[in-house]
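Participant: One file is attached below, run-v4.txt, containing compact mmCIF, C-alpha atoms.
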```txt
# COMPACT_ATOMS: atom_id res chain seq x y z
CA MET A 14 7.29 -3.27 -28.26
CA GLU A 15 9.56 -2.22 -25.39
CA THR A 16 7.99 0.52 -23.31
CA LYS A 17 10.58 3.09 -22.28
CA ARG A 18 10.56 4.92 -18.95
CA TYR A 19 11.56 8.52 -19.67
CA THR A 20 12.85 10.81 -16.93
CA VAL A 21 11.91 14.47 -16.69
CA LYS A 22 15.24 15.25 -18.39
CA GLN A 23 14.16 13.30 -21.49
CA ILE A 24 11.14 15.35 -22.53
CA ALA A 25 12.60 15.96 -26.00
CA ALA A 26 12.88 12.21 -26.64
CA ALA A 27 9.31 11.64 -25.44
CA ALA A 28 8.09 14.48 -27.67
CA ALA A 29 9.91 12.94 -30.65
CA ASP A 30 7.91 9.75 -30.11
CA ILE A 31 4.68 11.78 -30.06
CA LYS A 32 5.65 13.43 -33.35
CA GLN A 33 6.18 9.98 -34.86
CA GLY A 34 2.63 8.98 -33.98
CA GLU A 35 3.54 6.92 -30.93
CA LEU A 36 1.86 6.83 -27.51
CA ILE A 37 3.52 8.36 -24.45
CA ALA A 38 1.94 8.29 -21.00
CA PHE A 39 2.38 11.59 -19.21
CA PRO A 40 2.00 12.86 -15.64
CA THR A 41 -0.57 15.37 -14.48
CA GLU A 42 -1.63 16.59 -11.06
CA THR A 43 -4.69 14.29 -11.26
CA VAL A 44 -3.72 10.93 -12.84
CA TYR A 45 -1.35 9.78 -15.59
CA GLY A 46 -2.73 10.31 -19.10
CA LEU A 47 -2.09 8.34 -22.28
CA GLY A 48 -0.81 10.88 -24.78
CA ALA A 49 -1.08 10.94 -28.54
CA ASP A 50 -1.06 13.73 -31.12
CA ALA A 51 -4.66 14.99 -31.11
CA THR A 52 -4.29 16.12 -34.73
CA ASN A 53 -3.22 12.65 -35.96
CA PRO A 54 -6.26 10.32 -36.24
CA GLU A 55 -4.11 7.22 -36.74
CA ALA A 56 -2.17 7.95 -33.55
CA VAL A 57 -5.42 8.54 -31.65
CA LYS A 58 -6.77 5.19 -32.83
CA LYS A 59 -3.78 3.55 -31.14
CA VAL A 60 -4.99 4.98 -27.82
CA TYR A 61 -8.30 3.13 -28.09
CA ALA A 62 -6.50 -0.06 -29.08
CA ALA A 63 -3.95 0.12 -26.24
CA LYS A 64 -6.60 0.78 -23.61
CA GLY A 65 -9.32 -1.43 -25.03
CA ARG A 66 -11.49 1.70 -24.91
CA PRO A 67 -14.90 1.93 -26.65
CA SER A 68 -14.68 4.16 -29.72
CA ASP A 69 -17.68 6.32 -28.75
CA ASN A 70 -15.98 7.45 -25.52
CA PRO A 71 -14.57 10.93 -26.34
CA LEU A 72 -11.08 12.00 -25.32
CA ILE A 73 -9.91 15.06 -23.40
CA VAL A 74 -7.56 17.33 -25.37
CA HIS A 75 -4.66 18.59 -23.26
CA VAL A 76 -3.17 21.97 -24.18
CA ALA A 77 -0.40 24.23 -22.97
CA SER A 78 -2.08 27.52 -23.92
CA VAL A 79 -5.50 29.10 -24.36
CA GLU A 80 -4.43 30.09 -27.86
CA THR A 81 -4.40 26.41 -28.80
CA VAL A 82 -8.02 26.05 -27.66
CA ALA A 83 -8.95 29.04 -29.83
CA ARG A 84 -7.72 27.19 -32.92
CA TYR A 85 -10.37 24.51 -32.48
CA ALA A 86 -13.26 25.94 -30.45
CA ALA A 87 -16.07 27.78 -32.24
CA THR A 88 -16.11 30.48 -29.58
CA LEU A 89 -14.52 31.26 -26.26
CA SER A 90 -17.33 32.62 -24.11
CA PRO A 91 -16.93 34.99 -21.17
CA LYS A 92 -17.65 32.09 -18.81
CA PHE A 93 -14.85 30.07 -20.39
CA LYS A 94 -12.44 32.96 -19.90
CA GLN A 95 -13.53 33.37 -16.27
CA LEU A 96 -13.00 29.66 -15.57
CA VAL A 97 -9.60 29.68 -17.24
CA GLU A 98 -8.57 32.70 -15.18
CA ALA A 99 -9.64 30.95 -11.98
CA PHE A 100 -8.67 27.33 -12.54
CA TRP A 101 -6.10 26.88 -15.37
CA PRO A 102 -3.67 25.32 -15.29
CA GLY A 103 -5.54 22.90 -13.10
CA SER A 104 -7.96 20.03 -12.75
CA LEU A 105 -10.90 21.49 -14.64
CA THR A 106 -11.85 20.16 -18.08
CA ILE A 107 -14.11 22.37 -20.19
CA ILE A 108 -16.36 21.14 -23.01
CA LEU A 109 -16.78 23.61 -25.88
CA PRO A 110 -18.48 23.62 -29.29
CA LEU A 111 -16.01 23.08 -32.12
CA LYS A 112 -15.38 24.76 -35.42
CA PRO A 113 -16.54 22.51 -38.32
CA ASN A 114 -14.11 19.61 -38.84
CA ALA A 115 -11.67 21.09 -36.33
CA LEU A 116 -10.85 17.71 -34.78
CA ALA A 117 -11.29 14.19 -36.10
CA SER A 118 -14.34 12.23 -34.96
CA VAL A 119 -12.01 9.67 -33.35
CA VAL A 120 -11.14 12.42 -30.82
CA THR A 121 -14.68 13.72 -30.29
CA GLY A 122 -16.62 10.46 -30.39
CA GLY A 123 -18.53 11.92 -33.35
CA LEU A 124 -19.79 14.90 -31.34
CA LYS A 125 -19.62 18.57 -32.34
CA THR A 126 -17.92 19.37 -29.05
CA ALA A 127 -14.59 18.60 -27.45
CA ALA A 128 -13.20 18.67 -23.93
CA PHE A 129 -10.10 20.77 -23.21
CA ARG A 130 -7.78 20.92 -20.20
CA MET A 131 -4.51 22.60 -19.29
CA PRO A 132 -2.89 20.32 -16.69
CA ASP A 133 -1.07 21.76 -13.69
CA ASN A 134 2.14 19.84 -14.32
CA GLN A 135 5.10 21.64 -15.82
CA VAL A 136 6.67 18.44 -17.19
CA THR A 137 3.59 17.73 -19.31
CA LEU A 138 3.17 21.37 -20.35
CA ASP A 139 6.77 21.22 -21.57
CA LEU A 140 6.03 17.94 -23.37
CA ILE A 141 3.05 19.49 -25.19
CA GLN A 142 5.11 22.49 -26.20
CA ALA A 143 8.00 20.30 -27.37
CA ALA A 144 5.64 18.12 -29.42
CA GLY A 145 4.04 21.23 -30.95
CA VAL A 146 0.54 19.69 -30.86
CA PRO A 147 -2.25 19.22 -28.32
CA LEU A 148 -2.40 15.76 -26.80
CA VAL A 149 -5.37 13.51 -26.22
CA GLY A 150 -4.97 12.11 -22.73
CA PRO A 151 -7.38 9.57 -21.29
CA SER A 152 -6.16 7.82 -18.17
CA ALA A 153 -3.17 5.61 -18.98
CA ASN A 154 -4.71 2.31 -17.92
CA THR A 155 -6.65 -0.60 -19.29
CA SER A 156 -10.19 0.66 -19.85
CA GLY A 157 -12.38 0.03 -16.82
CA LYS A 158 -9.52 -0.44 -14.33
CA PRO A 159 -8.50 2.00 -11.56
CA SER A 160 -6.79 5.07 -12.94
CA PRO A 161 -2.98 5.22 -12.63
CA THR A 162 -1.35 7.62 -10.20
CA THR A 163 2.25 6.43 -10.73
CA ALA A 164 4.36 5.40 -13.70
CA ASN A 165 4.47 1.87 -12.27
CA HIS A 166 0.66 1.69 -12.48
CA VAL A 167 0.90 2.65 -16.15
CA LEU A 168 3.48 -0.02 -16.83
CA HIS A 169 1.43 -2.64 -15.00
CA ASP A 170 -1.39 -2.15 -17.52
CA LEU A 171 0.31 -0.96 -20.69
CA SER A 172 3.88 -2.24 -20.78
CA GLY A 173 4.56 -3.51 -24.29
CA LYS A 174 1.55 -1.64 -25.69
CA ILE A 175 2.88 1.93 -25.73
CA ALA A 176 6.20 3.58 -26.63
CA GLY A 177 6.92 5.08 -23.23
CA VAL A 178 5.92 6.72 -19.98
CA LEU A 179 7.27 10.05 -18.78
CA ASP A 180 7.87 9.49 -15.06
CA ASP A 181 7.35 12.47 -12.76
CA GLY A 182 6.57 10.51 -9.60
CA PRO A 183 3.17 10.11 -7.91
CA THR A 184 0.36 12.46 -8.84
CA GLY A 185 -0.77 14.99 -6.27
CA ILE A 186 -4.56 14.87 -6.48
CA GLY A 187 -5.30 11.28 -7.45
CA LEU A 188 -8.76 11.77 -8.99
CA GLU A 189 -9.49 12.82 -12.55
CA SER A 190 -10.45 16.39 -13.35
CA THR A 191 -13.86 17.96 -12.96
CA VAL A 192 -15.61 18.12 -16.36
CA ILE A 193 -17.97 21.02 -17.05
CA ASP A 194 -20.00 21.39 -20.24
CA LEU A 195 -20.13 24.98 -21.56
CA SER A 196 -21.76 23.97 -24.85
CA VAL A 197 -25.23 24.16 -23.29
CA ALA A 198 -27.33 27.10 -22.07
CA THR A 199 -26.71 26.40 -18.39
CA PRO A 200 -23.29 24.88 -17.65
CA VAL A 201 -23.41 21.29 -16.37
CA ILE A 202 -20.87 19.29 -14.37
CA LEU A 203 -20.64 15.92 -16.11
CA ARG A 204 -17.89 14.52 -13.88
CA PRO A 205 -17.10 15.81 -10.38
CA GLY A 206 -13.55 16.43 -9.24
CA VAL A 207 -11.63 18.50 -6.71
CA VAL A 208 -12.79 21.69 -8.43
CA THR A 209 -16.19 21.63 -6.80
CA GLN A 210 -19.58 22.94 -7.88
CA GLU A 211 -19.36 25.55 -5.14
CA ALA A 212 -15.97 26.78 -6.36
CA ILE A 213 -17.20 27.05 -9.95
CA GLU A 214 -20.40 28.85 -8.96
CA ARG A 215 -18.39 31.46 -7.12
CA VAL A 216 -16.79 32.30 -10.48
CA ILE A 217 -19.60 31.99 -13.08
CA GLY A 218 -22.83 31.73 -11.11
CA PRO A 219 -25.38 28.90 -10.96
CA ILE A 220 -24.63 25.63 -12.74
CA ILE A 221 -26.18 22.17 -12.80
CA ALA A 222 -24.51 19.22 -11.09
CA ASP A 223 -25.66 16.33 -13.25
CA HIS A 224 -23.17 13.44 -12.79
CA HIS A 225 -25.49 11.11 -14.71
CA GLN A 226 -24.84 7.92 -16.60
CA VAL A 227 -25.87 7.92 -20.27
CA GLY A 228 -27.99 5.25 -21.88
CA ALA A 229 -26.71 2.43 -24.07
CA SER A 230 -27.61 4.28 -27.28
CA GLU A 231 -26.21 7.68 -26.21
CA ILE A 232 -22.74 9.04 -26.93
CA PRO A 233 -21.17 10.35 -23.70
CA LYS A 234 -19.84 13.91 -23.75
CA ALA A 235 -17.25 13.12 -21.09
CA PRO A 236 -15.31 10.09 -19.86
CA GLY A 237 -16.79 8.00 -17.07
CA MET A 238 -20.45 8.53 -18.00
CA LYS A 239 -21.30 5.28 -19.76
CA TYR A 240 -18.92 2.40 -19.25
CA LYS A 241 -17.64 0.47 -16.24
CA HIS A 242 -14.83 2.40 -14.58
CA TYR A 243 -12.24 2.23 -11.81
CA ALA A 244 -12.94 -1.42 -10.92
CA PRO A 245 -10.30 -3.72 -9.41
CA ASN A 246 -10.50 -7.48 -9.79
CA ALA A 247 -11.99 -7.92 -6.30
CA GLN A 248 -15.54 -6.87 -5.46
CA VAL A 249 -15.63 -3.55 -3.64
CA TYR A 250 -18.18 -2.86 -0.90
CA ILE A 251 -18.71 0.68 0.39
CA ILE A 252 -18.92 1.09 4.17
CA ASP A 253 -21.05 4.19 4.66
CA GLN A 254 -20.52 4.66 8.41
CA PRO A 255 -17.39 3.99 10.47
CA ALA A 256 -19.53 2.12 13.02
CA GLN A 257 -20.34 -0.46 10.33
CA PHE A 258 -16.75 -1.66 9.95
CA ASN A 259 -16.85 -4.26 12.75
CA GLU A 260 -19.99 -5.83 11.29
CA ALA A 261 -18.61 -5.64 7.74
CA ILE A 262 -15.34 -7.29 8.76
CA GLN A 263 -17.22 -10.04 10.55
CA TRP A 264 -19.37 -10.62 7.45
CA ALA A 265 -16.31 -10.71 5.17
CA THR A 266 -14.57 -13.14 7.51
CA GLU A 267 -17.54 -15.50 7.22
CA GLN A 268 -17.19 -15.54 3.42
CA ASN A 269 -14.02 -17.61 3.84
CA VAL A 270 -12.10 -15.69 1.17
CA PRO A 271 -9.16 -13.30 1.61
CA PHE A 272 -10.34 -9.70 1.88
CA GLY A 273 -8.89 -6.24 2.39
CA VAL A 274 -9.87 -3.01 4.11
CA MET A 275 -9.31 0.57 2.91
CA ALA A 276 -10.03 3.24 5.51
CA VAL A 277 -8.58 6.22 7.37
CA ASP A 278 -5.99 5.56 10.05
CA ASP A 279 -8.37 5.98 12.99
CA ILE A 280 -10.54 3.12 11.74
CA LEU A 281 -7.62 0.84 10.92
CA THR A 282 -5.94 1.33 14.30
CA ASN A 283 -9.22 0.65 16.13
CA GLN A 284 -9.34 -2.87 14.70
CA THR A 285 -7.73 -4.64 17.64
CA THR A 286 -7.68 -8.01 15.88
CA VAL A 287 -6.46 -8.12 12.31
CA ARG A 288 -8.95 -10.53 10.81
CA PHE A 289 -8.49 -9.51 7.23
CA LYS A 290 -5.92 -10.30 4.59
CA ASP A 291 -4.44 -6.82 4.29
CA GLN A 292 -5.17 -3.15 4.79
CA PHE A 293 -4.47 0.12 2.99
CA SER A 294 -4.47 3.49 4.69
CA LEU A 295 -6.52 6.31 3.17
CA GLY A 296 -4.80 8.81 5.45
CA ASP A 297 -6.72 11.03 7.82
CA SER A 298 -9.44 12.79 5.79
CA VAL A 299 -11.56 12.74 2.66
CA VAL A 300 -8.88 14.81 0.92
CA SER A 301 -6.16 12.24 1.55
CA ALA A 302 -8.63 9.43 0.82
CA SER A 303 -9.31 10.97 -2.59
CA ARG A 304 -5.59 11.17 -3.26
CA HIS A 305 -5.05 7.51 -2.39
CA LEU A 306 -8.27 5.81 -3.56
CA PHE A 307 -6.87 4.54 -6.86
CA ASP A 308 -3.54 3.68 -5.18
CA GLY A 309 -5.40 1.43 -2.79
CA LEU A 310 -7.52 -0.27 -5.42
CA ARG A 311 -4.39 -0.99 -7.45
CA TYR A 312 -2.57 -2.21 -4.33
CA PHE A 313 -5.17 -4.95 -3.98
CA ASP A 314 -5.14 -5.66 -7.71
CA LEU A 315 -1.50 -6.71 -7.22
CA ASN A 316 -2.72 -9.13 -4.55
CA PRO A 317 -5.03 -11.26 -6.74
CA GLU A 318 -6.10 -13.70 -4.01
CA VAL A 319 -8.08 -10.86 -2.38
CA LYS A 320 -11.72 -11.24 -3.45
CA ILE A 321 -13.46 -8.56 -1.36
CA ILE A 322 -12.39 -4.99 -0.50
CA LEU A 323 -14.22 -3.01 2.18
CA VAL A 324 -13.75 0.70 1.46
CA GLN A 325 -14.74 3.64 3.61
CA GLY A 326 -17.37 5.98 2.21
CA PHE A 327 -17.62 9.70 2.93
CA THR A 328 -20.37 12.30 2.98
CA MET A 329 -21.03 13.74 -0.48
CA VAL A 330 -19.91 17.28 0.31
CA GLY A 331 -17.04 19.13 -1.39
CA VAL A 332 -14.36 16.72 -2.63
CA GLY A 333 -16.48 13.91 -1.12
CA VAL A 334 -18.73 14.19 -4.19
CA ALA A 335 -15.84 13.25 -6.50
CA TYR A 336 -14.55 10.56 -4.14
CA MET A 337 -17.94 8.86 -3.89
CA ASN A 338 -18.51 9.19 -7.65
CA ARG A 339 -15.38 7.12 -8.31
CA LEU A 340 -15.92 4.72 -5.41
CA GLU A 341 -19.51 3.92 -6.34
CA LYS A 342 -18.44 3.12 -9.89
CA SER A 343 -15.59 0.91 -8.68
CA ALA A 344 -18.07 -0.93 -6.43
CA GLY A 345 -20.83 -1.20 -9.01
CA GLN A 346 -22.98 0.77 -6.50
CA LYS A 347 -22.64 -2.00 -3.86
CA HIS A 348 -22.95 -0.66 -0.30
CA PHE A 349 -22.61 -2.88 2.76
CA GLN A 350 -26.04 -3.25 4.34
```
I need this file expressed as structure tokens, please.

Facilitator:
Amino acid sequence: METKRYTVKQIAAAAADIKQGELIAFPTETVYGLGADATNPEAVKKVYAAKGRPSDNPLIVHVASVETVARYAATLSPKFKQLVEAFWPGSLTIILPLKPNALASVVTGGLKTAAFRMPDNQVTLDLIQAAGVPLVGPSANTSGKPSPTTANHVLHDLSGKIAGVLDDGPTGIGLESTVIDLSVATPVILRPGVVTQEAIERVIGPIIADHHQVGASEIPKAPGMKYKHYAPNAQVYIIDQPAQFNEAIQWATEQNVPFGVMAVDDILTNQTTVRFKDQFSLGDSVVSASRHLFDGLRYFDLNPEVKIILVQGFTMVGVGVAYMNRLEKSAGQKHFQ
């Protein structure tokens, strides 16, 4: 299969592929998603096959209107409406109880809930409207690899496996959406993102920040809770304090394998002797680091001789919670000691 690269002027052609049951990767403000007609179980099955994704890992349903959510959700609570008013379109995914048989089990992972999001990207909102159906949209990558933030990342993993990618340039946020579960008595954040616990609580009151991994026999309610995620080929080590970088670089040098460093500019420029294979700038703050984390991990994936990546950690406050959630998973929880 030849994977086409659609421009933003070719939305109608991309939507026609969706209507035919094909897979089209689409841009959002967070990462690129792998789109299929959420009402077509056979098309959705192709998503799992293309990604190599476990079948009990539920998919987020992307919509262009709240009215679409109302077709499938059992009820739209006042808290849902408050969150939509505050954060949609945007990087907040909301889990809701479903009407009986509203969506196929291949979308929900066999659960009686589904996750919904309205992305803050006009190109994809136009694609959804042109297709006339909601789209499932897991990250458009091989399952377990760093999420894609450009069309080139998508093609690196999925060229020849999907019909096309709708190219709208680099994503703006770079980390997947926050996922909040409204199907329980007290709302729970199941995946942190740039919409923080504090921001949500200002809108709907106290919630629980769970962020847990589920057990081997459990079905996850949200992506990223059960299986290996965001991992490049090289082993990632988290450097918790900037003062540790000199020691970490010395240790990596002694391993006698090519290694890389991902850190903010101040740390990179303070390394007077470049003793490592390569470096990748995370910018100047945790916000820019969050935007470029997956870019950096994929940068080193394209440099396969690199065996170790030293990556700067940040305090788990605000967007730092989401950044560290992704980084710890990419590192398999390995911190430099």

Participant: Identify which of the residues A:Thr209, A:Phe93, A:Leu47, A:Asn114 lies closest to A:Val149, counting only C-alpha atoms when measuring atom-to-atom distances.

Facilitator: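 Using only C-alpha atoms, A:Val149 sits closest to A:Leu47.
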
Participant: Which one of A:Tyr243, A:Trp101, A:Tyr85, A:Trp264 sits closest to A:Pro161 if you count only C-alpha atoms?

Facilitator: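 Closest to A:Pro161 of all the choices is A:Tyr243.
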
Participant: Which of these, A:His242, A:Val319, A:Ser301, A:Glu98, has the shortest distance to A:Pro271 once you count all atoms listed in the file?

Facilitator: A:Val319

Participant: Given the choices A:Asp170, A:Asp194, A:Glu260, A:Glu189, which gets closest to A:Leu96 if the distance is worked out from all atoms listed in the file?

Facilitator: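 Counting all atoms listed in the file, the residue closest to A:Leu96 is A:Asp194.
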
Participant: So, counting all atoms listed in the file, which residue among A:Leu36, A:Leu323, A:Met337, A:Leu109 is closest to A:Gly150?

Facilitator: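 That would be A:Leu36, the residue with the smallest distance to A:Gly150.
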
Participant: So which one's closest to A:Phe313, A:Val299, A:Leu340, A:Met329, A:Ala247? Using all atoms listed in the file, please.

Facilitator: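 Checking each candidate against A:Phe313, we get A:Ala247 as the closest.
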
Participant: In Å, rounded to a single decimal, give me how far atom CA of A:Ile321 is from atom CA of A:Pro67.

Facilitator: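 Result for atom CA of A:Pro67 versus atom CA of A:Ile321: 27.4 Å, one decimal.
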
Participant: Work out how far apart atom CA of A:Leu148 and atom CA of A:Ile73 are and give it in Å to one decimal.

Facilitator: 8.3 Å

Participant: Report as number ranges by chain all protein, DNA and RNA residues lying within 7 Å of A:Val324, evaluated on only C-alpha atoms, omitting residues in the same chain fewer than 3 positions from it.

Facilitator: A: 249-252, 274-276

Participant: Could the residues of stretch 65-172 of chain A that have an atom at most 9 Å from stretch 308-312 of chain A be listed as a tab-separated table, each with its closest atom pair and the distance in Å to one decimal, counting all atoms listed in the file and ordered by chain and ascending residue number?

Facilitator:
```
residue	atom	partner	partner_atom	distance
A:Lys158	CA	A:Arg311	CA	8.6
A:Pro159	CA	A:Arg311	CA	6.5
A:Ser160	CA	A:Arg311	CA	8.5
A:Pro161	CA	A:Asp308	CA	7.6
A:Thr162	CA	A:Asp308	CA	6.7
A:Thr163	CA	A:Asp308	CA	8.5
A:His166	CA	A:Arg311	CA	7.6
```

Participant: Can you tell me, as an MDAnalysis selection string, which residues sit within 7 Å of (-6.1, 5.6, -17.7) in the file's frame, using all atoms listed in the file?

Facilitator: chainID A and resid 45:47 151:156 160:161

Participant: Within 9 Å of stretch 20-34 of chain A, which residues of stretch 106-154 of chain A show up? Give each one with its shortest atom-to-atom distance in Å (one decimal) and the two atoms involved, counting all atoms listed in the file, rows by chain then rising residue number, as JSON lines.

Facilitator:
```
{"residue": "A:Val136", "atom": "CA", "partner": "A:Val21", "partner_atom": "CA", "distance": 6.6}
{"residue": "A:Thr137", "atom": "CA", "partner": "A:Ile24", "partner_atom": "CA", "distance": 8.5}
{"residue": "A:Asp139", "atom": "CA", "partner": "A:Ile24", "partner_atom": "CA", "distance": 7.4}
{"residue": "A:Leu140", "atom": "CA", "partner": "A:Ile24", "partner_atom": "CA", "distance": 5.8}
{"residue": "A:Ile141", "atom": "CA", "partner": "A:Ala28", "partner_atom": "CA", "distance": 7.5}
{"residue": "A:Gln142", "atom": "CA", "partner": "A:Ala28", "partner_atom": "CA", "distance": 8.7}
{"residue": "A:Ala143", "atom": "CA", "partner": "A:Ala28", "partner_atom": "CA", "distance": 5.8}
{"residue": "A:Ala144", "atom": "CA", "partner": "A:Ala28", "partner_atom": "CA", "distance": 4.7}
{"residue": "A:Gly145", "atom": "CA", "partner": "A:Lys32", "partner_atom": "CA", "distance": 8.3}
{"residue": "A:Val146", "atom": "CA", "partner": "A:Lys32", "partner_atom": "CA", "distance": 8.5}
{"residue": "A:Leu148", "atom": "CA", "partner": "A:Ile31", "partner_atom": "CA", "distance": 8.8}
```

Participant: Around (7.7, 1.4, -20.5) in the file's own coordinates, what residues are found within 10 Å if you use all atoms listed in the file, given back as number ranges by chain?

Facilitator: A: 14-19, 37-38, 164-165, 167-169, 171-180

Participant: Can you tell me, as a ChimeraX atom specification, what residues are no more than 9 Å from stretch 330-333 of chain A when counting all atoms listed in the file, ignoring any on the same chain fewer than 6 positions away?

Facilitator: /A:205-211,299-300,303

Participant: Figure out the distance between atom CA of A:Gly326 and atom CA of A:Asp297, please, to one decimal in Å.

Facilitator: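 Pair atom CA of A:Asp297 / atom CA of A:Gly326 returns 13.1 Å.
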